[in-house]
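Engineer: Pasting model-v9.txt below, which is compact mmCIF, C-alpha atoms and all ligand atoms.
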```txt
# COMPACT_ATOMS: atom_id res chain seq x y z
CA MET O 1 -15.08 -6.86 5.17
CA ALA O 2 -15.02 -7.19 8.95
CA GLY O 3 -17.90 -6.19 11.23
CA LYS O 4 -20.57 -3.56 10.74
CA LEU O 5 -19.67 -0.82 8.28
CA THR O 6 -20.27 2.92 8.61
CA ASN O 7 -21.92 4.72 5.69
CA GLU O 8 -18.54 6.19 4.77
CA GLU O 9 -16.99 2.71 4.66
CA LYS O 10 -19.86 1.32 2.56
CA GLU O 11 -19.43 4.17 0.07
CA TYR O 12 -15.67 3.61 0.02
CA TYR O 13 -15.98 -0.13 -0.78
CA SER O 14 -18.47 0.51 -3.53
CA THR O 15 -16.29 3.28 -5.06
CA VAL O 16 -13.10 1.18 -4.90
CA ARG O 17 -14.72 -1.80 -6.63
CA LYS O 18 -16.25 0.34 -9.40
CA THR O 19 -13.18 2.53 -9.93
CA PHE O 20 -10.67 -0.30 -10.22
CA ALA O 21 -12.96 -2.48 -12.34
CA MET O 22 -12.90 0.42 -14.81
CA LEU O 23 -9.19 1.28 -14.45
CA ALA O 24 -7.71 -2.24 -14.38
CA PRO O 25 -7.02 -2.57 -18.15
CA PHE O 26 -5.16 0.80 -18.23
CA TYR O 27 -3.77 0.87 -14.70
CA ASP O 28 -0.17 -0.03 -15.56
CA ALA O 29 0.00 2.73 -18.16
CA ILE O 30 -1.41 5.24 -15.66
CA VAL O 31 1.22 4.40 -13.02
CA THR O 32 4.22 4.44 -15.36
CA PRO O 33 5.68 7.36 -13.33
CA PHE O 34 5.92 4.97 -10.34
CA SER O 35 7.95 2.32 -12.25
CA SER O 36 11.31 3.39 -10.84
CA VAL O 37 9.94 3.24 -7.30
CA ARG O 38 9.31 -0.54 -7.33
CA ASP O 39 12.93 -1.76 -7.29
CA ARG O 40 13.83 1.03 -4.93
CA VAL O 41 11.25 -0.26 -2.44
CA VAL O 42 12.74 -3.76 -2.69
CA ASN O 43 16.28 -2.47 -2.08
CA PHE O 44 15.15 -0.20 0.72
CA THR O 45 13.23 -3.03 2.42
CA ASN O 46 16.40 -5.10 2.29
CA ALA O 47 14.63 -8.23 3.50
CA GLN O 48 16.65 -11.36 4.28
CA MET O 49 16.74 -13.93 1.52
CA GLY O 50 13.99 -16.50 2.07
CA SER O 51 11.64 -13.91 3.54
CA LYS O 52 7.94 -14.41 2.98
CA ILE O 53 6.33 -11.16 1.86
CA LEU O 54 2.71 -9.99 1.87
CA GLU O 55 1.99 -7.24 -0.66
CA VAL O 56 -1.23 -5.56 0.48
CA ALA O 57 -3.59 -3.81 -1.98
CA THR O 58 -1.21 -4.95 -4.67
CA GLY O 59 -3.38 -3.87 -7.61
CA THR O 60 -1.90 -5.26 -10.83
CA GLY O 61 1.05 -6.66 -8.86
CA GLN O 62 3.87 -4.37 -9.94
CA GLN O 63 5.43 -4.16 -6.47
CA ALA O 64 4.90 -7.89 -5.89
CA PHE O 65 6.72 -8.67 -9.16
CA ALA O 66 9.65 -6.49 -8.09
CA PHE O 67 9.97 -8.55 -4.87
CA ALA O 68 9.51 -11.84 -6.76
CA LYS O 69 12.23 -10.90 -9.29
CA LYS O 70 14.71 -10.82 -6.39
CA GLY O 71 13.70 -14.32 -5.31
CA TYR O 72 11.38 -13.57 -2.39
CA GLU O 73 8.22 -15.60 -1.91
CA VAL O 74 5.36 -13.10 -2.34
CA ILE O 75 1.60 -13.13 -1.91
CA GLY O 76 -0.22 -10.13 -3.35
CA ILE O 77 -3.76 -9.45 -2.21
CA ASP O 78 -6.31 -6.94 -3.44
CA ILE O 79 -10.04 -6.41 -3.06
CA SER O 80 -10.54 -5.74 -6.76
CA GLU O 81 -11.10 -8.87 -8.80
CA ALA O 82 -10.33 -6.93 -11.99
CA MET O 83 -6.93 -5.76 -10.68
CA ILE O 84 -6.03 -9.24 -9.38
CA ASN O 85 -6.96 -10.75 -12.74
CA VAL O 86 -4.47 -8.43 -14.48
CA ALA O 87 -1.81 -9.38 -11.91
CA LYS O 88 -2.45 -13.10 -12.44
CA LYS O 89 -2.30 -12.72 -16.22
CA LYS O 90 1.04 -10.86 -16.05
CA ASN O 91 2.59 -13.12 -13.45
CA LYS O 92 5.65 -15.02 -14.75
CA PHE O 93 6.99 -15.93 -11.31
CA ARG O 94 6.47 -19.25 -9.55
CA ASN O 95 7.28 -17.49 -6.26
CA ALA O 96 4.47 -14.89 -6.65
CA LYS O 97 0.82 -15.64 -5.97
CA PHE O 98 -2.25 -13.42 -6.02
CA GLU O 99 -5.54 -13.58 -4.13
CA ILE O 100 -8.68 -11.50 -3.86
CA SER O 101 -8.99 -10.36 -0.27
CA ASP O 102 -9.99 -7.37 1.84
CA ALA O 103 -6.97 -5.91 3.62
CA THR O 104 -9.12 -5.13 6.68
CA ASN O 105 -9.78 -8.85 7.17
CA LEU O 106 -6.79 -10.81 5.88
CA PRO O 107 -7.19 -14.58 5.42
CA PHE O 108 -3.85 -15.39 7.09
CA GLU O 109 -2.83 -16.63 10.53
CA ASP O 110 -1.07 -14.30 12.98
CA ASN O 111 2.72 -13.98 12.31
CA SER O 112 2.56 -15.55 8.83
CA PHE O 113 4.94 -13.11 7.08
CA ASP O 114 8.44 -11.73 7.58
CA VAL O 115 7.56 -8.56 5.67
CA SER O 116 4.38 -6.78 4.66
CA SER O 117 4.16 -3.81 2.32
CA ILE O 118 1.52 -1.46 0.98
CA SER O 119 2.05 0.99 -1.88
CA PHE O 120 -0.07 3.95 -2.97
CA ALA O 121 -3.23 2.62 -1.32
CA LEU O 122 -3.45 4.19 2.16
CA HIS O 123 -4.12 7.65 0.70
CA GLU O 124 -7.29 6.31 -0.97
CA MET O 125 -8.83 5.06 2.25
CA PRO O 126 -10.95 6.72 4.91
CA LEU O 127 -9.10 6.91 8.21
CA SER O 128 -11.09 4.06 9.80
CA ILE O 129 -10.14 1.69 6.94
CA ARG O 130 -6.51 2.91 6.94
CA GLU O 131 -6.24 1.99 10.61
CA LYS O 132 -7.91 -1.42 10.18
CA VAL O 133 -5.52 -2.25 7.32
CA LEU O 134 -2.46 -1.34 9.40
CA LYS O 135 -3.74 -3.40 12.34
CA GLU O 136 -4.14 -6.41 10.03
CA MET O 137 -0.63 -5.93 8.61
CA VAL O 138 0.72 -5.88 12.17
CA ARG O 139 -1.26 -9.00 13.05
CA VAL O 140 -0.05 -11.14 10.12
CA THR O 141 3.56 -9.91 10.25
CA LYS O 142 5.97 -11.57 12.69
CA PRO O 143 7.18 -9.66 15.76
CA GLU O 144 10.27 -7.62 14.68
CA GLY O 145 9.24 -8.23 11.05
CA ILE O 146 9.34 -5.38 8.56
CA ILE O 147 6.32 -3.27 7.58
CA VAL O 148 6.80 -0.93 4.63
CA THR O 149 4.45 1.84 3.52
CA VAL O 150 4.94 3.69 0.25
CA ASP O 151 2.73 6.69 -0.46
CA TYR O 152 2.43 10.35 -1.30
CA ASP O 153 4.22 13.09 0.59
CA LEU O 154 4.84 16.79 -0.06
CA PRO O 155 8.21 18.32 -0.94
CA LYS O 156 9.95 20.46 1.71
CA ASN O 157 9.88 23.79 -0.14
CA LYS O 158 6.70 25.92 -0.08
CA ILE O 159 6.22 26.32 -3.84
CA GLY O 160 6.91 22.62 -4.51
CA ARG O 161 4.38 21.68 -1.80
CA LEU O 162 1.68 23.86 -3.29
CA LEU O 163 2.25 22.67 -6.85
CA ILE O 164 2.40 18.97 -6.00
CA TYR O 165 -0.61 19.18 -3.65
CA HIS O 166 -2.87 20.82 -6.24
CA PHE O 167 -1.60 18.66 -9.09
CA ILE O 168 -2.16 15.34 -7.30
CA ALA O 169 -5.52 16.51 -5.85
CA LEU O 170 -6.74 16.90 -9.46
CA PHE O 171 -6.84 13.18 -10.12
CA GLU O 172 -6.71 11.46 -6.74
CA ALA O 173 -9.69 10.17 -4.72
CA LYS O 174 -11.24 12.46 -2.12
CA TYR O 175 -9.30 10.98 0.82
CA TYR O 176 -5.97 12.21 -0.58
CA LYS O 177 -6.52 15.70 0.87
CA ASN O 178 -7.05 14.28 4.34
CA PHE O 179 -4.18 11.80 3.99
CA ILE O 180 -1.58 14.36 2.97
CA LYS O 181 -2.29 16.60 5.99
CA PHE O 182 -2.49 13.65 8.31
CA ASP O 183 0.34 12.34 10.50
CA LEU O 184 0.97 8.86 9.03
CA GLU O 185 4.05 8.36 11.21
CA ALA O 186 1.95 8.92 14.35
CA LEU O 187 -0.63 6.37 13.11
CA LEU O 188 2.12 3.82 12.46
CA ASN O 189 3.59 4.41 15.92
CA LYS O 190 0.14 4.12 17.53
CA ASN O 191 -0.24 0.73 15.83
CA LYS O 192 3.11 -0.54 17.15
CA ILE O 193 5.09 0.04 13.96
CA LYS O 194 8.40 1.68 14.89
CA ILE O 195 9.77 3.65 11.95
CA ILE O 196 13.45 2.87 11.46
CA GLU O 197 14.19 4.38 8.02
CA LYS O 198 12.67 6.84 5.58
CA ASP O 199 13.35 7.51 1.93
CA THR O 200 12.11 10.31 -0.32
CA ILE O 201 10.81 9.33 -3.77
CA LEU O 202 9.23 11.05 -6.78
CA HIS O 203 11.20 14.27 -6.16
CA GLY O 204 9.59 14.73 -2.75
CA ALA O 205 6.04 13.83 -3.85
CA GLY O 206 6.32 10.45 -2.13
CA ARG O 207 8.10 8.59 0.63
CA ILE O 208 8.89 5.10 1.80
CA LEU O 209 8.64 4.37 5.51
CA LYS O 210 10.26 1.24 6.84
CA GLY O 211 9.04 0.07 10.22
CA LEU O 212 9.59 -2.77 12.64
CA ASN O 213 6.66 -4.67 14.06
CA LYS O 214 6.81 -3.98 17.79
CA LYS O 215 3.69 -5.87 18.84
CA SER O 216 4.31 -7.87 21.98
C1 LIG O 301 -3.94 3.11 -6.33
S1 LIG O 301 -4.08 1.38 -6.34
C2 LIG O 301 -2.44 0.91 -5.89
C3 LIG O 301 -2.10 -0.44 -6.43
C4 LIG O 301 -0.68 -0.89 -6.19
N1 LIG O 301 -0.39 -1.06 -4.79
C5 LIG O 301 0.32 0.02 -6.82
O1 LIG O 301 1.21 0.51 -6.12
O2 LIG O 301 0.24 0.22 -8.03
C6 LIG O 301 -4.96 1.05 -4.86
C7 LIG O 301 -5.35 -0.42 -4.73
O3 LIG O 301 -5.85 -0.65 -3.42
C8 LIG O 301 -6.85 -1.62 -3.53
N2 LIG O 301 -7.65 -1.59 -2.31
C9 LIG O 301 -8.37 -0.56 -1.82
N3 LIG O 301 -8.96 -0.90 -0.67
C10 LIG O 301 -8.61 -2.18 -0.41
C11 LIG O 301 -8.90 -3.09 0.64
N4 LIG O 301 -9.70 -2.76 1.66
N5 LIG O 301 -8.35 -4.31 0.58
C12 LIG O 301 -7.55 -4.69 -0.44
N6 LIG O 301 -7.26 -3.87 -1.47
C13 LIG O 301 -7.77 -2.63 -1.45
C14 LIG O 301 -7.60 -1.23 -4.78
O4 LIG O 301 -8.43 -2.25 -5.28
C15 LIG O 301 -6.45 -0.87 -5.71
O5 LIG O 301 -6.00 -1.97 -6.44
```
What would you get if you wrote out this structure as structure tokens?
Ligand SMILES: C[S@@+](CC[C@H](N)C(=O)[O-])C[C@H]1O[C@@H](n2cnc3c(N)ncnc32)[C@H](O)[C@@H]1O

Structural biologist:
Amino acid sequence: MAGKLTNEEKEYYSTVRKTFAMLAPFYDAIVTPFSSVRDRVVNFTNAQMGSKILEVATGTGQQAFAFAKKGYEVIGIDISEAMINVAKKKNKFRNAKFEISDATNLPFEDNSFDVSSISFALHEMPLSIREKVLKEMVRVTKPEGIIVTVDYDLPKNKIGRLLIYHFIALFEAKYYKNFIKFDLEALLNKNKIKIIEKDTILHGAGRILKGLNKKS
């Protein structure tokens, strides 16, 4: 955790730690609907062989494993010890490693990674944390490196939007409602991530954004 925290941030950290300590043993079963997305993210990222990848807020490591399976060197980080413990237990890859770390204060030098990715985590964060996480991803990713975000979206048609919004709001954390109405692309642009490709997933309920790190 970097610097002085607002009350909202303190509440967020406490909720995240408690929630994922409780969910960790069942998490993989809960996110079964996302299984098909993992390989798709790897293909969409299309990183050069030999790339070093940081998987941020990796949870139980499903996205990190998908990158590792293709031969990339991956480090997955997460703030939840319980989630990282599940990832470590399931890890069969020598080229995947996991560490407990806060994404707003990453323990890596500037420009350490060719690619950084974050899946289904930004929607759970208050805006201030979301922005700090993106800034850290930009810092540790090389200039012109790839930054990938995978998260919820709403389908184009009106009825689909309404159904998906109310369905996901039933079980998601309180920041989902803010996230889904919020302009993620503008936040990425503001933080020097230039979006170069987009992909729709989960029948319009999610999207992958691939950006280039344009920090100078
Ligand atoms: C919904 S889970 C997503 C996990 C995984 N990325 C996936 O796609 O299945 C959100 C994860 O974000 C992690 N997280 C939340 N805030 C974080 C922070 N500030 N730093 C690192 N991890 C964080 C949580 O501990 C949790 O594992």

Engineer: Work out how far CA of Leu212 in chain O is from CA of Asn43 in chain O, in Å to one decimal.

Structural biologist: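 Separation of CA of Asn43 in chain O and CA of Leu212 in chain O: 16.2 Å.
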
Engineer: Would you please work out which residue, of O:Phe120, O:Ile146, O:Val115, O:Asn46, is nearest to Gln62 in chain O when using only C-alpha atoms?

Structural biologist: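 Closest to Gln62 in chain O of all the choices is O:Phe120.
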
Engineer: Would you write out, as a tab-separated table, a table of all residues in range 53-103 of chain O that have an atom no more than 12 Å from an atom of range 127-145 of chain O, listing for each the closest atom pair and the distance in Å to one decimal, considering only C-alpha atoms and ordering rows by chain and rising residue number?

Structural biologist:
```
residue	atom	partner	partner_atom	distance
O:Ile53	CA	O:Thr141	CA	8.9
O:Leu54	CA	O:Thr141	CA	8.4
O:Glu55	CA	O:Met137	CA	9.7
O:Val56	CA	O:Met137	CA	8.2
O:Ala57	CA	O:Val133	CA	9.6
O:Ile77	CA	O:Met137	CA	11.8
O:Asp78	CA	O:Val133	CA	11.8
O:Ser101	CA	O:Val133	CA	11.6
O:Asp102	CA	O:Val133	CA	8.7
O:Ala103	CA	O:Val133	CA	5.4
```

Engineer: Around ligand LIG 301 (chain O), out to 9 Å and counting all atoms listed in the file, which residues are there? I want them as a ChimeraX atom specification.

Structural biologist: /O:1,12-13,16-17,19-21,24,27-28,31,34,38,55-64,77-84,100-106,117-125,129-130,132-133,150-151,172

Engineer: Include C-alpha atoms and write out the residues we just selected as a PDB file, keeping the file's coordinate frame.

Structural biologist:
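In the end it all went to out.pdb:
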```
ATOM      1  CA  MET O   1     -15.080  -6.860   5.170  1.00  0.00           C
ATOM      2  CA  TYR O  12     -15.670   3.610   0.020  1.00  0.00           C
ATOM      3  CA  TYR O  13     -15.980  -0.130  -0.780  1.00  0.00           C
ATOM      4  CA  VAL O  16     -13.100   1.180  -4.900  1.00  0.00           C
ATOM      5  CA  ARG O  17     -14.720  -1.800  -6.630  1.00  0.00           C
ATOM      6  CA  THR O  19     -13.180   2.530  -9.930  1.00  0.00           C
ATOM      7  CA  PHE O  20     -10.670  -0.300 -10.220  1.00  0.00           C
ATOM      8  CA  ALA O  21     -12.960  -2.480 -12.340  1.00  0.00           C
ATOM      9  CA  ALA O  24      -7.710  -2.240 -14.380  1.00  0.00           C
ATOM     10  CA  TYR O  27      -3.770   0.870 -14.700  1.00  0.00           C
ATOM     11  CA  ASP O  28      -0.170  -0.030 -15.560  1.00  0.00           C
ATOM     12  CA  VAL O  31       1.220   4.400 -13.020  1.00  0.00           C
ATOM     13  CA  PHE O  34       5.920   4.970 -10.340  1.00  0.00           C
ATOM     14  CA  ARG O  38       9.310  -0.540  -7.330  1.00  0.00           C
ATOM     15  CA  GLU O  55       1.990  -7.240  -0.660  1.00  0.00           C
ATOM     16  CA  VAL O  56      -1.230  -5.560   0.480  1.00  0.00           C
ATOM     17  CA  ALA O  57      -3.590  -3.810  -1.980  1.00  0.00           C
ATOM     18  CA  THR O  58      -1.210  -4.950  -4.670  1.00  0.00           C
ATOM     19  CA  GLY O  59      -3.380  -3.870  -7.610  1.00  0.00           C
ATOM     20  CA  THR O  60      -1.900  -5.260 -10.830  1.00  0.00           C
ATOM     21  CA  GLY O  61       1.050  -6.660  -8.860  1.00  0.00           C
ATOM     22  CA  GLN O  62       3.870  -4.370  -9.940  1.00  0.00           C
ATOM     23  CA  GLN O  63       5.430  -4.160  -6.470  1.00  0.00           C
ATOM     24  CA  ALA O  64       4.900  -7.890  -5.890  1.00  0.00           C
ATOM     25  CA  ILE O  77      -3.760  -9.450  -2.210  1.00  0.00           C
ATOM     26  CA  ASP O  78      -6.310  -6.940  -3.440  1.00  0.00           C
ATOM     27  CA  ILE O  79     -10.040  -6.410  -3.060  1.00  0.00           C
ATOM     28  CA  SER O  80     -10.540  -5.740  -6.760  1.00  0.00           C
ATOM     29  CA  GLU O  81     -11.100  -8.870  -8.800  1.00  0.00           C
ATOM     30  CA  ALA O  82     -10.330  -6.930 -11.990  1.00  0.00           C
ATOM     31  CA  MET O  83      -6.930  -5.760 -10.680  1.00  0.00           C
ATOM     32  CA  ILE O  84      -6.030  -9.240  -9.380  1.00  0.00           C
ATOM     33  CA  ILE O 100      -8.680 -11.500  -3.860  1.00  0.00           C
ATOM     34  CA  SER O 101      -8.990 -10.360  -0.270  1.00  0.00           C
ATOM     35  CA  ASP O 102      -9.990  -7.370   1.840  1.00  0.00           C
ATOM     36  CA  ALA O 103      -6.970  -5.910   3.620  1.00  0.00           C
ATOM     37  CA  THR O 104      -9.120  -5.130   6.680  1.00  0.00           C
ATOM     38  CA  ASN O 105      -9.780  -8.850   7.170  1.00  0.00           C
ATOM     39  CA  LEU O 106      -6.790 -10.810   5.880  1.00  0.00           C
ATOM     40  CA  SER O 117       4.160  -3.810   2.320  1.00  0.00           C
ATOM     41  CA  ILE O 118       1.520  -1.460   0.980  1.00  0.00           C
ATOM     42  CA  SER O 119       2.050   0.990  -1.880  1.00  0.00           C
ATOM     43  CA  PHE O 120      -0.070   3.950  -2.970  1.00  0.00           C
ATOM     44  CA  ALA O 121      -3.230   2.620  -1.320  1.00  0.00           C
ATOM     45  CA  LEU O 122      -3.450   4.190   2.160  1.00  0.00           C
ATOM     46  CA  HIS O 123      -4.120   7.650   0.700  1.00  0.00           C
ATOM     47  CA  GLU O 124      -7.290   6.310  -0.970  1.00  0.00           C
ATOM     48  CA  MET O 125      -8.830   5.060   2.250  1.00  0.00           C
ATOM     49  CA  ILE O 129     -10.140   1.690   6.940  1.00  0.00           C
ATOM     50  CA  ARG O 130      -6.510   2.910   6.940  1.00  0.00           C
ATOM     51  CA  LYS O 132      -7.910  -1.420  10.180  1.00  0.00           C
ATOM     52  CA  VAL O 133      -5.520  -2.250   7.320  1.00  0.00           C
ATOM     53  CA  VAL O 150       4.940   3.690   0.250  1.00  0.00           C
ATOM     54  CA  ASP O 151       2.730   6.690  -0.460  1.00  0.00           C
ATOM     55  CA  GLU O 172      -6.710  11.460  -6.740  1.00  0.00           C
TER      56      GLU O 172
END
```

Engineer: Pick out the closest residue to Val74 in chain O from this set: O:Val86, O:Arg94, O:Lys52, O:Leu184. Count all atoms listed in the file.

Structural biologist: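 Closest to Val74 in chain O of all the choices is O:Lys52.
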
Engineer: Please, what distance in Å, to one decimal, runs between CA of Val41 in chain O and CA of Asn213 in chain O?

Structural biologist: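 Answer for the CA of Val41 in chain O to CA of Asn213 in chain O separation: 17.7 Å.
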
Engineer: Output, as AutoDock Vina command-line options, the centre and edge lengths in Å (one decimal) of the axis-aligned box that contains all listed atoms of range 21-36 of chain O with 4 Å of margin on each side.

Structural biologist:
```
--center_x -0.8 --center_y 2.4 --center_z -14.3 --size_x 32.3 --size_y 17.9 --size_z 15.9
```

Engineer: (8.4, 9.9, -0.8) in this file's frame - what residues fall within 9 Å of it? Use all atoms listed in the file and give the answer as a ChimeraX atom specification.

Structural biologist: /O:150-155,198-209

Engineer: Please produce an output containing C-alpha atoms for each residue in the selection, written as a PDB file, keeping the file's coordinate frame.

Structural biologist:
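Final output, out_5.pdb:
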```
ATOM      1  CA  VAL O 150       4.940   3.690   0.250  1.00  0.00           C
ATOM      2  CA  ASP O 151       2.730   6.690  -0.460  1.00  0.00           C
ATOM      3  CA  TYR O 152       2.430  10.350  -1.300  1.00  0.00           C
ATOM      4  CA  ASP O 153       4.220  13.090   0.590  1.00  0.00           C
ATOM      5  CA  LEU O 154       4.840  16.790  -0.060  1.00  0.00           C
ATOM      6  CA  PRO O 155       8.210  18.320  -0.940  1.00  0.00           C
ATOM      7  CA  LYS O 198      12.670   6.840   5.580  1.00  0.00           C
ATOM      8  CA  ASP O 199      13.350   7.510   1.930  1.00  0.00           C
ATOM      9  CA  THR O 200      12.110  10.310  -0.320  1.00  0.00           C
ATOM     10  CA  ILE O 201      10.810   9.330  -3.770  1.00  0.00           C
ATOM     11  CA  LEU O 202       9.230  11.050  -6.780  1.00  0.00           C
ATOM     12  CA  HIS O 203      11.200  14.270  -6.160  1.00  0.00           C
ATOM     13  CA  GLY O 204       9.590  14.730  -2.750  1.00  0.00           C
ATOM     14  CA  ALA O 205       6.040  13.830  -3.850  1.00  0.00           C
ATOM     15  CA  GLY O 206       6.320  10.450  -2.130  1.00  0.00           C
ATOM     16  CA  ARG O 207       8.100   8.590   0.630  1.00  0.00           C
ATOM     17  CA  ILE O 208       8.890   5.100   1.800  1.00  0.00           C
ATOM     18  CA  LEU O 209       8.640   4.370   5.510  1.00  0.00           C
TER      19      LEU O 209
END
```

Engineer: Can you work out which one of O:Leu163, O:Ala47, O:Ile168, O:Val148 has the shortest atom-to-atom distance to Leu188 in chain O, counting only C-alpha atoms?

Structural biologist: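 Between O:Leu163, O:Ala47, O:Ile168, O:Val148, the residue approaching Leu188 in chain O most closely is O:Val148.
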
Engineer: Report, in Å to a single decimal, how far apart CA of Lys177 in chain O and CA of Arg161 in chain O are.

Structural biologist: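 We find that CA of Arg161 in chain O and CA of Lys177 in chain O lie 12.7 Å from each other.
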
Engineer: Tell me which of O:Lys215, O:His166, O:Lys97, O:Lys89 sits closest to Gly76 in chain O, counting all atoms listed in the file.

Structural biologist: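 Closest to Gly76 in chain O of all the choices is O:Lys97.
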
Engineer: Which is closer to Ile196 in chain O than all the others in O:Phe98, O:Ser14, O:Leu162, O:Gly211, using only C-alpha atoms?

Structural biologist: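 Using only C-alpha atoms, Ile196 in chain O sits closest to O:Gly211.
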
Engineer: Using all atoms listed in the file, which of O:Thr45, O:Asn91, O:Ser51, O:Thr15 sits nearest Ile147 in chain O?

Structural biologist: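 Residue with the minimum atom-to-atom distance to Ile147 in chain O: O:Thr45.
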